[in-house]
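What follows is the content of query.json, which has JSON, C-alpha atoms:
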[["chain", "number", "residue", "atom", "x", "y", "z"],
["A", 1, "MET", "CA", -92.23, -27.01, -80.20],
["A", 2, "THR", "CA", -89.57, -28.59, -77.99],
["A", 3, "PHE", "CA", -87.84, -31.97, -77.83],
["A", 4, "LEU", "CA", -87.10, -32.90, -74.18],
["A", 5, "TYR", "CA", -84.54, -35.46, -73.05],
["A", 6, "HIS", "CA", -84.74, -37.05, -69.58],
["A", 7, "GLY", "CA", -81.90, -39.37, -68.59],
["A", 8, "LEU", "CA", -78.15, -39.76, -68.25],
["A", 9, "GLU", "CA", -76.31, -36.45, -68.41],
["A", 10, "ALA", "CA", -73.47, -37.82, -70.56],
["A", 11, "ARG", "CA", -75.90, -39.18, -73.13],
["A", 12, "GLY", "CA", -77.88, -35.95, -73.14],
["A", 13, "ALA", "CA", -74.79, -33.88, -73.90],
["A", 14, "ILE", "CA", -73.93, -36.06, -76.90],
["A", 15, "TRP", "CA", -77.50, -36.01, -78.17],
["A", 16, "ALA", "CA", -77.69, -32.23, -77.82],
["A", 17, "ASP", "CA", -74.70, -31.91, -80.16],
["A", 18, "ILE", "CA", -76.21, -34.37, -82.64],
["A", 19, "PHE", "CA", -79.51, -32.52, -82.71],
["A", 20, "ALA", "CA", -77.76, -29.17, -83.12],
["A", 21, "ALA", "CA", -76.08, -30.52, -86.24],
["A", 22, "ARG", "CA", -78.89, -32.64, -87.67],
["A", 23, "VAL", "CA", -82.10, -30.91, -86.54],
["A", 24, "PRO", "CA", -81.05, -27.32, -85.79],
["A", 25, "GLN", "CA", -84.57, -25.98, -86.27],
["A", 26, "LEU", "CA", -85.86, -27.94, -83.26],
["A", 27, "PRO", "CA", -85.08, -26.83, -79.68],
["A", 28, "PHE", "CA", -83.47, -29.77, -77.81],
["A", 29, "ARG", "CA", -83.71, -29.44, -74.03],
["A", 30, "ARG", "CA", -82.26, -31.57, -71.23],
["A", 31, "TRP", "CA", -84.32, -32.00, -68.09],
["A", 32, "GLY", "CA", -82.48, -30.55, -65.10],
["A", 33, "HIS", "CA", -80.02, -28.73, -67.35],
["A", 34, "ASP", "CA", -82.04, -26.38, -69.57],
["A", 35, "ALA", "CA", -85.05, -24.18, -68.93],
["A", 36, "VAL", "CA", -88.18, -25.97, -70.16],
["A", 37, "ASP", "CA", -91.68, -24.71, -70.87],
["A", 38, "PRO", "CA", -93.85, -27.83, -70.26],
["A", 39, "ALA", "CA", -96.52, -26.55, -72.65],
["A", 40, "GLU", "CA", -93.98, -26.47, -75.50],
["A", 41, "VAL", "CA", -92.85, -30.10, -75.09],
["A", 42, "ARG", "CA", -94.19, -32.17, -77.97],
["A", 43, "TRP", "CA", -91.63, -34.98, -77.92],
["A", 44, "LEU", "CA", -89.96, -36.66, -74.96],
["A", 45, "ALA", "CA", -87.10, -39.18, -74.86],
["A", 46, "ALA", "CA", -86.64, -41.14, -71.63],
["A", 47, "TRP", "CA", -85.91, -44.54, -70.17],
["A", 48, "ASN", "CA", -87.80, -44.38, -66.90],
["A", 49, "ALA", "CA", -90.35, -41.57, -66.89],
["A", 50, "PRO", "CA", -93.02, -41.99, -64.17],
["A", 51, "ALA", "CA", -96.62, -41.10, -64.95],
["A", 52, "ASP", "CA", -96.55, -38.04, -62.68],
["A", 53, "PHE", "CA", -93.53, -36.74, -64.62],
["A", 54, "ILE", "CA", -95.14, -37.23, -68.02],
["A", 55, "ALA", "CA", -98.33, -35.57, -66.80],
["A", 56, "GLN", "CA", -96.44, -32.26, -66.69],
["A", 57, "PHE", "CA", -96.52, -32.07, -70.50],
["A", 58, "PRO", "CA", -100.12, -31.53, -71.64],
["A", 59, "ASN", "CA", -99.22, -31.29, -75.34],
["A", 60, "LEU", "CA", -96.99, -34.38, -75.55],
["A", 61, "GLU", "CA", -97.33, -36.17, -78.88],
["A", 62, "VAL", "CA", -94.54, -38.78, -78.98],
["A", 63, "LEU", "CA", -92.70, -40.64, -76.22],
["A", 64, "PHE", "CA", -89.36, -42.14, -77.34],
["A", 65, "SER", "CA", -87.78, -44.88, -75.24],
["A", 66, "VAL", "CA", -83.99, -44.54, -75.11],
["A", 67, "GLY", "CA", -83.72, -48.34, -75.11],
["A", 68, "ALA", "CA", -85.29, -51.28, -76.91],
["A", 69, "GLY", "CA", -87.71, -51.91, -74.05],
["A", 70, "ILE", "CA", -90.92, -50.01, -73.32],
["A", 71, "ASP", "CA", -92.40, -51.94, -70.38],
["A", 72, "GLN", "CA", -90.63, -49.60, -67.92],
["A", 73, "LEU", "CA", -92.71, -46.69, -69.24],
["A", 74, "PRO", "CA", -96.21, -45.90, -67.84],
["A", 75, "LEU", "CA", -98.02, -46.79, -71.04],
["A", 76, "ASP", "CA", -101.39, -47.24, -69.34],
["A", 77, "ALA", "CA", -101.21, -43.65, -68.04],
["A", 78, "LEU", "CA", -100.51, -42.13, -71.46],
["A", 79, "PRO", "CA", -103.32, -40.43, -73.34],
["A", 80, "PRO", "CA", -104.33, -42.57, -76.34],
["A", 81, "GLN", "CA", -103.07, -40.02, -78.86],
["A", 82, "VAL", "CA", -99.47, -40.18, -77.58],
["A", 83, "ARG", "CA", -97.34, -42.32, -79.88],
["A", 84, "VAL", "CA", -94.67, -44.59, -78.34],
["A", 85, "VAL", "CA", -91.40, -45.44, -80.11],
["A", 86, "ARG", "CA", -88.75, -47.92, -79.01],
["A", 87, "MET", "CA", -85.06, -47.45, -79.81],
["A", 88, "VAL", "CA", -83.98, -49.38, -82.90],
["A", 89, "GLU", "CA", -80.19, -49.06, -82.89],
["A", 90, "GLN", "CA", -77.66, -51.44, -84.40],
["A", 91, "GLY", "CA", -75.51, -51.47, -81.27],
["A", 92, "ILE", "CA", -78.40, -52.87, -79.25],
["A", 93, "ILE", "CA", -79.16, -55.49, -81.88],
["A", 94, "THR", "CA", -75.54, -56.63, -82.34],
["A", 95, "GLY", "CA", -74.87, -56.59, -78.60],
["A", 96, "MET", "CA", -77.86, -58.82, -77.91],
["A", 97, "ALA", "CA", -76.91, -61.25, -80.67],
["A", 98, "GLU", "CA", -73.38, -61.50, -79.25],
["A", 99, "TYR", "CA", -74.72, -62.13, -75.76],
["A", 100, "VAL", "CA", -77.05, -64.89, -76.95],
["A", 101, "ALA", "CA", -74.23, -66.58, -78.88],
["A", 102, "MET", "CA", -71.98, -66.41, -75.80],
["A", 103, "ALA", "CA", -74.70, -67.81, -73.54],
["A", 104, "CYS", "CA", -75.63, -70.64, -75.90],
["A", 105, "LEU", "CA", -72.01, -71.68, -76.39],
["A", 106, "ALA", "CA", -71.39, -71.60, -72.63],
["A", 107, "LEU", "CA", -74.42, -73.76, -71.95],
["A", 108, "HIS", "CA", -73.81, -76.04, -74.93],
["A", 109, "ARG", "CA", -70.26, -76.76, -73.70],
["A", 110, "ASP", "CA", -71.40, -77.26, -70.08],
["A", 111, "LEU", "CA", -69.48, -74.29, -68.69],
["A", 112, "PRO", "CA", -71.62, -74.11, -65.51],
["A", 113, "PHE", "CA", -70.69, -77.71, -64.69],
["A", 114, "PHE", "CA", -66.99, -77.27, -65.37],
["A", 115, "ILE", "CA", -66.80, -74.06, -63.35],
["A", 116, "SER", "CA", -68.57, -75.76, -60.46],
["A", 117, "GLU", "CA", -66.09, -78.63, -60.57],
["A", 118, "GLN", "CA", -63.17, -76.20, -60.71],
["A", 119, "ARG", "CA", -64.46, -74.32, -57.67],
["A", 120, "ALA", "CA", -64.73, -77.63, -55.82],
["A", 121, "GLY", "CA", -61.16, -78.52, -56.71],
["A", 122, "ARG", "CA", -62.13, -81.42, -58.95],
["A", 123, "TRP", "CA", -60.79, -82.39, -62.40],
["A", 124, "THR", "CA", -63.94, -83.99, -63.79],
["A", 125, "TYR", "CA", -64.36, -85.26, -67.33],
["A", 126, "ARG", "CA", -67.68, -84.90, -69.13],
["A", 127, "HIS", "CA", -68.41, -85.76, -72.74],
["A", 128, "THR", "CA", -68.96, -82.72, -74.97],
["A", 129, "ARG", "CA", -71.04, -82.33, -78.10],
["A", 130, "LEU", "CA", -70.76, -80.46, -81.38],
["A", 131, "GLY", "CA", -73.11, -77.63, -82.23],
["A", 132, "ALA", "CA", -75.16, -79.74, -84.62],
["A", 133, "GLU", "CA", -76.07, -82.00, -81.70],
["A", 134, "THR", "CA", -77.65, -79.17, -79.68],
["A", 135, "ARG", "CA", -81.04, -77.60, -80.38],
["A", 136, "VAL", "CA", -81.56, -73.92, -79.59],
["A", 137, "GLY", "CA", -85.03, -72.37, -79.45],
["A", 138, "VAL", "CA", -85.52, -68.58, -79.45],
["A", 139, "MET", "CA", -88.68, -67.14, -77.93],
["A", 140, "GLY", "CA", -89.44, -63.86, -79.67],
["A", 141, "LEU", "CA", -88.83, -63.30, -83.38],
["A", 142, "GLY", "CA", -88.57, -59.53, -83.56],
["A", 143, "GLU", "CA", -85.39, -57.76, -84.63],
["A", 144, "LEU", "CA", -83.43, -59.01, -81.62],
["A", 145, "GLY", "CA", -84.56, -62.60, -82.01],
["A", 146, "LYS", "CA", -83.83, -62.68, -85.72],
["A", 147, "ALA", "CA", -80.37, -61.15, -85.20],
["A", 148, "ALA", "CA", -79.59, -63.72, -82.50],
["A", 149, "LEU", "CA", -80.61, -66.56, -84.80],
["A", 150, "GLU", "CA", -78.42, -65.20, -87.61],
["A", 151, "MET", "CA", -75.42, -65.12, -85.28],
["A", 152, "LEU", "CA", -76.13, -68.67, -84.10],
["A", 153, "LYS", "CA", -76.42, -70.16, -87.59],
["A", 154, "PRO", "CA", -72.67, -70.47, -88.30],
["A", 155, "LEU", "CA", -72.22, -72.38, -85.03],
["A", 156, "GLY", "CA", -74.22, -75.29, -86.41],
["A", 157, "PHE", "CA", -77.02, -75.45, -83.85],
["A", 158, "ALA", "CA", -80.39, -76.84, -84.88],
["A", 159, "LEU", "CA", -82.47, -73.68, -84.61],
["A", 160, "SER", "CA", -86.12, -73.03, -83.89],
["A", 161, "GLY", "CA", -88.18, -70.02, -82.94],
["A", 162, "TRP", "CA", -91.53, -69.15, -81.42],
["A", 163, "SER", "CA", -93.61, -65.99, -81.41],
["A", 164, "ARG", "CA", -97.23, -64.99, -81.15],
["A", 165, "SER", "CA", -97.50, -64.45, -84.92],
["A", 166, "ALA", "CA", -96.26, -66.68, -87.73],
["A", 167, "HIS", "CA", -92.80, -66.18, -89.24],
["A", 168, "ASN", "CA", -90.80, -67.81, -92.00],
["A", 169, "ILE", "CA", -87.03, -67.66, -91.40],
["A", 170, "ASP", "CA", -84.53, -69.54, -93.55],
["A", 171, "GLY", "CA", -82.83, -72.33, -91.60],
["A", 172, "VAL", "CA", -85.14, -71.95, -88.59],
["A", 173, "THR", "CA", -88.11, -74.13, -87.67],
["A", 174, "CYS", "CA", -90.78, -71.62, -86.68],
["A", 175, "PHE", "CA", -93.72, -72.11, -84.33],
["A", 176, "ALA", "CA", -96.46, -69.60, -83.61],
["A", 177, "GLY", "CA", -99.21, -68.82, -81.14],
["A", 178, "ALA", "CA", -100.63, -70.78, -78.26],
["A", 179, "ASP", "CA", -101.20, -73.80, -80.49],
["A", 180, "GLY", "CA", -97.49, -74.01, -81.37],
["A", 181, "PHE", "CA", -96.03, -73.28, -77.94],
["A", 182, "ASP", "CA", -96.01, -76.80, -76.50],
["A", 183, "ALA", "CA", -94.53, -78.27, -79.69],
["A", 184, "PHE", "CA", -91.81, -75.61, -79.59],
["A", 185, "LEU", "CA", -90.97, -76.39, -75.95],
["A", 186, "ALA", "CA", -90.69, -80.12, -76.63],
["A", 187, "GLN", "CA", -88.00, -79.90, -79.31],
["A", 188, "ALA", "CA", -85.06, -77.84, -78.01],
["A", 189, "ASP", "CA", -82.23, -78.13, -75.47],
["A", 190, "ILE", "CA", -81.46, -74.44, -74.84],
["A", 191, "PHE", "CA", -84.24, -71.86, -74.71],
["A", 192, "VAL", "CA", -83.56, -68.14, -75.19],
["A", 193, "CYS", "CA", -86.22, -65.62, -74.12],
["A", 194, "LEU", "CA", -86.18, -62.37, -76.11],
["A", 195, "LEU", "CA", -89.89, -61.68, -75.94],
["A", 196, "PRO", "CA", -91.39, -58.26, -75.31],
["A", 197, "LEU", "CA", -92.90, -58.03, -71.84],
["A", 198, "THR", "CA", -96.68, -57.89, -72.14],
["A", 199, "GLU", "CA", -99.52, -59.16, -69.99],
["A", 200, "GLU", "CA", -99.51, -62.30, -72.14],
["A", 201, "THR", "CA", -95.78, -62.97, -71.71],
["A", 202, "ARG", "CA", -95.33, -61.93, -68.07],
["A", 203, "GLY", "CA", -94.29, -65.01, -66.06],
["A", 204, "ILE", "CA", -94.00, -67.17, -69.17],
["A", 205, "LEU", "CA", -90.81, -68.78, -67.81],
["A", 206, "CYS", "CA", -92.57, -70.69, -65.05],
["A", 207, "ARG", "CA", -93.05, -74.19, -63.66],
["A", 208, "GLU", "CA", -95.62, -75.15, -66.31],
["A", 209, "THR", "CA", -93.30, -74.04, -69.11],
["A", 210, "PHE", "CA", -90.22, -75.70, -67.62],
["A", 211, "GLU", "CA", -92.05, -79.02, -67.23],
["A", 212, "LYS", "CA", -92.80, -79.05, -70.97],
["A", 213, "MET", "CA", -89.11, -78.70, -71.86],
["A", 214, "PRO", "CA", -86.94, -81.83, -72.24],
["A", 215, "ARG", "CA", -85.40, -82.79, -68.90],
["A", 216, "GLY", "CA", -81.93, -81.28, -68.56],
["A", 217, "SER", "CA", -82.69, -78.22, -70.72],
["A", 218, "ALA", "CA", -81.12, -74.82, -70.12],
["A", 219, "VAL", "CA", -82.63, -71.34, -70.19],
["A", 220, "VAL", "CA", -81.31, -67.91, -71.18],
["A", 221, "ASN", "CA", -83.37, -64.87, -70.22],
["A", 222, "ALA", "CA", -82.23, -61.64, -71.83],
["A", 223, "GLY", "CA", -85.73, -60.29, -72.36],
["A", 224, "ARG", "CA", -87.17, -58.85, -69.16],
["A", 225, "GLY", "CA", -87.02, -59.93, -65.54],
["A", 226, "GLY", "CA", -90.81, -60.08, -65.48],
["A", 227, "HIS", "CA", -90.76, -63.04, -67.85],
["A", 228, "LEU", "CA", -89.31, -65.28, -65.15],
["A", 229, "VAL", "CA", -90.86, -66.72, -62.00],
["A", 230, "ALA", "CA", -87.79, -66.90, -59.76],
["A", 231, "ASP", "CA", -89.01, -69.58, -57.35],
["A", 232, "ASP", "CA", -90.07, -71.82, -60.23],
["A", 233, "LEU", "CA", -86.62, -71.53, -61.81],
["A", 234, "ILE", "CA", -84.83, -72.50, -58.61],
["A", 235, "ALA", "CA", -87.17, -75.45, -58.10],
["A", 236, "ALA", "CA", -86.61, -76.63, -61.70],
["A", 237, "LEU", "CA", -82.84, -76.37, -61.31],
["A", 238, "ASP", "CA", -82.81, -78.15, -57.95],
["A", 239, "SER", "CA", -84.95, -80.99, -59.29],
["A", 240, "GLY", "CA", -82.80, -81.46, -62.39],
["A", 241, "GLN", "CA", -85.61, -80.56, -64.79],
["A", 242, "LEU", "CA", -83.34, -77.71, -65.87],
["A", 243, "ARG", "CA", -79.56, -78.01, -65.72],
["A", 244, "ALA", "CA", -78.57, -74.35, -65.93],
["A", 245, "ALA", "CA", -79.78, -70.82, -66.53],
["A", 246, "MET", "CA", -78.12, -67.63, -67.73],
["A", 247, "LEU", "CA", -79.92, -64.46, -66.65],
["A", 248, "ASP", "CA", -79.23, -60.88, -67.70],
["A", 249, "VAL", "CA", -82.47, -59.41, -66.36],
["A", 250, "THR", "CA", -84.18, -59.77, -63.00],
["A", 251, "VAL", "CA", -86.90, -58.36, -60.76],
["A", 252, "PRO", "CA", -85.89, -56.20, -59.03],
["A", 253, "GLU", "CA", -82.72, -54.71, -60.50],
["A", 254, "PRO", "CA", -80.32, -54.80, -58.85],
["A", 255, "LEU", "CA", -81.09, -57.94, -56.89],
["A", 256, "PRO", "CA", -80.93, -57.47, -53.11],
["A", 257, "GLU", "CA", -78.03, -58.82, -51.10],
["A", 258, "GLY", "CA", -78.49, -62.49, -50.28],
["A", 259, "HIS", "CA", -80.81, -63.26, -53.20],
["A", 260, "PRO", "CA", -80.60, -66.99, -54.06],
["A", 261, "PHE", "CA", -79.63, -66.28, -57.66],
["A", 262, "TYR", "CA", -76.23, -64.97, -56.51],
["A", 263, "GLY", "CA", -75.04, -68.21, -54.99],
["A", 264, "HIS", "CA", -76.86, -70.86, -57.00],
["A", 265, "PRO", "CA", -74.31, -73.10, -58.72],
["A", 266, "ALA", "CA", -76.44, -73.55, -61.86],
["A", 267, "ILE", "CA", -77.16, -69.86, -62.47],
["A", 268, "PHE", "CA", -74.98, -67.46, -64.45],
["A", 269, "LEU", "CA", -75.95, -63.88, -63.63],
["A", 270, "THR", "CA", -75.03, -60.71, -65.55],
["A", 271, "PRO", "CA", -76.23, -57.21, -64.54],
["A", 272, "HIS", "CA", -78.41, -56.21, -67.53],
["A", 273, "VAL", "CA", -75.48, -55.77, -69.91],
["A", 274, "ALA", "CA", -76.57, -57.94, -72.85],
["A", 275, "ALA", "CA", -77.42, -54.96, -75.05],
["A", 276, "GLU", "CA", -76.64, -51.34, -74.30],
["A", 277, "THR", "CA", -77.69, -48.17, -76.08],
["A", 278, "ARG", "CA", -74.61, -46.59, -77.69],
["A", 279, "HIS", "CA", -74.85, -42.85, -77.11],
["A", 280, "ALA", "CA", -73.61, -41.58, -80.48],
["A", 281, "THR", "CA", -75.28, -44.09, -82.80],
["A", 282, "ALA", "CA", -78.54, -44.00, -80.81],
["A", 283, "GLY", "CA", -78.54, -40.22, -81.02],
["A", 284, "GLY", "CA", -78.28, -40.50, -84.78],
["A", 285, "VAL", "CA", -81.19, -42.95, -84.90],
["A", 286, "LEU", "CA", -83.27, -40.61, -82.75],
["A", 287, "ALA", "CA", -82.44, -37.59, -84.94],
["A", 288, "ASP", "CA", -83.38, -39.60, -88.04],
["A", 289, "ASN", "CA", -86.72, -40.46, -86.47],
["A", 290, "VAL", "CA", -87.38, -36.83, -85.60],
["A", 291, "LEU", "CA", -86.67, -35.85, -89.21],
["A", 292, "ARG", "CA", -89.14, -38.53, -90.26],
["A", 293, "LEU", "CA", -91.63, -37.07, -87.83],
["A", 294, "LEU", "CA", -91.19, -33.57, -89.23],
["A", 295, "ALA", "CA", -91.66, -34.95, -92.74],
["A", 296, "ASP", "CA", -94.77, -36.89, -91.70],
["A", 297, "GLU", "CA", -93.09, -40.21, -92.55],
["A", 298, "PRO", "CA", -93.43, -43.55, -90.67],
["A", 299, "LEU", "CA", -91.29, -43.84, -87.53],
["A", 300, "LEU", "CA", -88.77, -46.63, -86.99],
["A", 301, "GLY", "CA", -89.66, -48.66, -83.92],
["A", 302, "GLU", "CA", -93.15, -47.27, -83.38],
["A", 303, "VAL", "CA", -95.14, -49.44, -80.99],
["A", 304, "ASP", "CA", -98.61, -50.76, -81.71],
["A", 305, "ARG", "CA", -100.16, -49.66, -78.42],
["A", 306, "THR", "CA", -103.14, -51.95, -78.94],
["A", 307, "ARG", "CA", -100.78, -54.92, -78.76],
["A", 308, "GLY", "CA", -98.07, -53.55, -76.47],
["A", 309, "TYR", "CA", -95.14, -54.06, -78.85]]
Whole structure given in structure tokens:
Amino acid sequence: MTFLYHGLEARGAIWADIFAARVPQLPFRRWGHDAVDPAEVRWLAAWNAPADFIAQFPNLEVLFSVGAGIDQLPLDALPPQVRVVRMVEQGIITGMAEYVAMACLALHRDLPFFISEQRAGRWTYRHTRLGAETRVGVMGLGELGKAALEMLKPLGFALSGWSRSAHNIDGVTCFAGADGFDAFLAQADIFVCLLPLTEETRGILCRETFEKMPRGSAVVNAGRGGHLVADDLIAALDSGQLRAAMLDVTVPEPLPEGHPFYGHPAIFLTPHVAAETRHATAGGVLADNVLRLLADEPLLGEVDRTRGY
């Protein structure tokens, strides 16, 4: 049995050392660095592993994503018996919560407007509000969404959340399912998308959704680029239906030169840096999961493939 890693060389070197110390009984191989017998590969860790690459391993049992996302993996091409596990690492969770707090504060205090006025050489006053006067709604109530809400609570925002299934979170007004979506959209000022990307959530940030938000709302997308319909966002910003957007994810990545997001005065753009996998701590999480696997215990972050998350 072999554990195969496919990805950044620097990360692979750190993970090899961690596995040597924590799981010495299991051969850990790095694609492109070590000799690999495809028939021996039972477990594979990767970020972007095309279907034709995965097909080389006929005895694959578990596919580990090196990040929190799984939509970049060819899930439809995987045999049904292959288990899929997302990375559940505290650095990713804390990083995302910090990013959401930064984005919400920037939008709450009208930073896009003030930067635009500065660039134009104008000293323009605009009334500001306290946190309790701004409503923040988080779309997606998994680990990332819950962590973001916890970091937002001390700032005083009125908090709400929406997900496909019902949740009960202290200090957060929760909405669920298709029946609760419109009510959720009607009652916030800043909307944060942290949803998993599935066929049901692809394109959810679109004209129809924006029109159901209060006029002058703002949007943060740190989920996946596929959640957003780019043309609909630009139209909503230009019409004033939305006042600003902060985007950490796009389609494609990186955006091509000349893309309208780069120069739009109401868009803040960051290059997919909201939450990063920390090599050392993530390696420890992965080793722990492998030990769970060897002991026939439940895996942290295992995906329900029937639901896509």
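Ranking A:Ala295, A:Ala236, A:Ala97, A:Leu185 by their shortest atom-to-atom distance to Pro214 of chain A, with all atoms listed in the file included, puts A:Leu185 first.
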Would you kindly return, as a ChimeraX atom specification, each protein, DNA or RNA residue with an atom no farther than 9 Å from any atom of segment 216-230 of chain A, considering all atoms listed in the file and excluding same-chain residues fewer than 3 positions away?
/A:69,71,96,99-100,103-104,107-108,140,188-198,201-207,210,213,233-235,237,240-253,261,272,274-275
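We find atom CA of Ser239 of chain A and atom CA of Arg215 of chain A to be spaced 9.8 Å apart.
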Between A:Arg164, A:Arg83, A:His259, A:Arg29, which one has atoms that come closest to Thr306 of chain A, using all atoms listed in the file?
A:Arg83
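Separating atom CA of Asp179 of chain A from atom CA of Ser160 of chain A is a distance of 15.5 Å.
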Just the residues within 10 Å of Gly177 of chain A, please, counting all atoms listed in the file, with nothing from its chain fewer than 4 positions along; format it as an mmCIF file with C-alpha atoms, in the coordinates of the input.
data_model
loop_
_atom_site.group_PDB
_atom_site.id
_atom_site.type_symbol
_atom_site.label_atom_id
_atom_site.label_comp_id
_atom_site.auth_asym_id
_atom_site.auth_seq_id
_atom_site.Cartn_x
_atom_site.Cartn_y
_atom_site.Cartn_z
ATOM 1 C CA TRP A 162 -91.530 -69.150 -81.420
ATOM 2 C CA SER A 163 -93.610 -65.990 -81.410
ATOM 3 C CA ARG A 164 -97.230 -64.990 -81.150
ATOM 4 C CA SER A 165 -97.500 -64.450 -84.920
ATOM 5 C CA ALA A 166 -96.260 -66.680 -87.730
ATOM 6 C CA PHE A 181 -96.030 -73.280 -77.940
ATOM 7 C CA ASP A 182 -96.010 -76.800 -76.500
#
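Restricting the calculation to only C-alpha atoms, the smallest distance between Val62 of chain A and any of A:Arg42, A:His167, A:Arg122, A:Arg305 is found for A:Arg42.
Atom to atom, atom CA of Ile70 of chain A and atom CA of Arg86 of chain A stand 6.4 Å apart.
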I'd like the contact shell of segment 5-22 of chain A - 6 Å cut-off, only C-alpha atoms, skipping same-chain residues fewer than 2 positions apart - returned as a PyMOL selection string.
chain A and resi 24+30-31+44-46+279+283
For Pro38 of chain A: contacts at 8 Å, only C-alpha atoms, fewer than 3 positions along chain excluded, given as a compact mmCIF listing (two decimals) with C-alpha atoms, in the coordinates of the input:
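Saved as part-v2.txt:
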# COMPACT_ATOMS: atom_id res chain seq x y z
CA VAL A 41 -92.85 -30.10 -75.09
CA GLN A 56 -96.44 -32.26 -66.69
CA PHE A 57 -96.52 -32.07 -70.50
CA PRO A 58 -100.12 -31.53 -71.64
So that each row is one residue of segment 82-172 of chain A with an atom at most 12 Å from segment 262-267 of chain A, can you give its shortest atom pair and the distance in Å to one decimal, using all atoms listed in the file, rows by chain and rising number, as CSV?
residue,atom,partner,partner_atom,distance
A:Ala103,CA,A:Ile267,CA,11.5
A:Ala106,CA,A:Ile267,CA,11.8
A:Leu107,CA,A:Ala266,CA,10.3
A:Asp110,CA,A:Ala266,CA,10.3
A:Leu111,CA,A:Ala266,CA,9.8
A:Pro112,CA,A:Ala266,CA,6.1
A:Phe113,CA,A:Ala266,CA,7.6
A:Phe114,CA,A:Pro265,CA,10.7
A:Ile115,CA,A:Pro265,CA,8.9
A:Ser116,CA,A:Pro265,CA,6.6
A:Glu117,CA,A:Pro265,CA,10.1
A:Gln118,CA,A:Pro265,CA,11.7
A:Arg119,CA,A:Pro265,CA,10.0
A:Ala120,CA,A:Pro265,CA,11.0
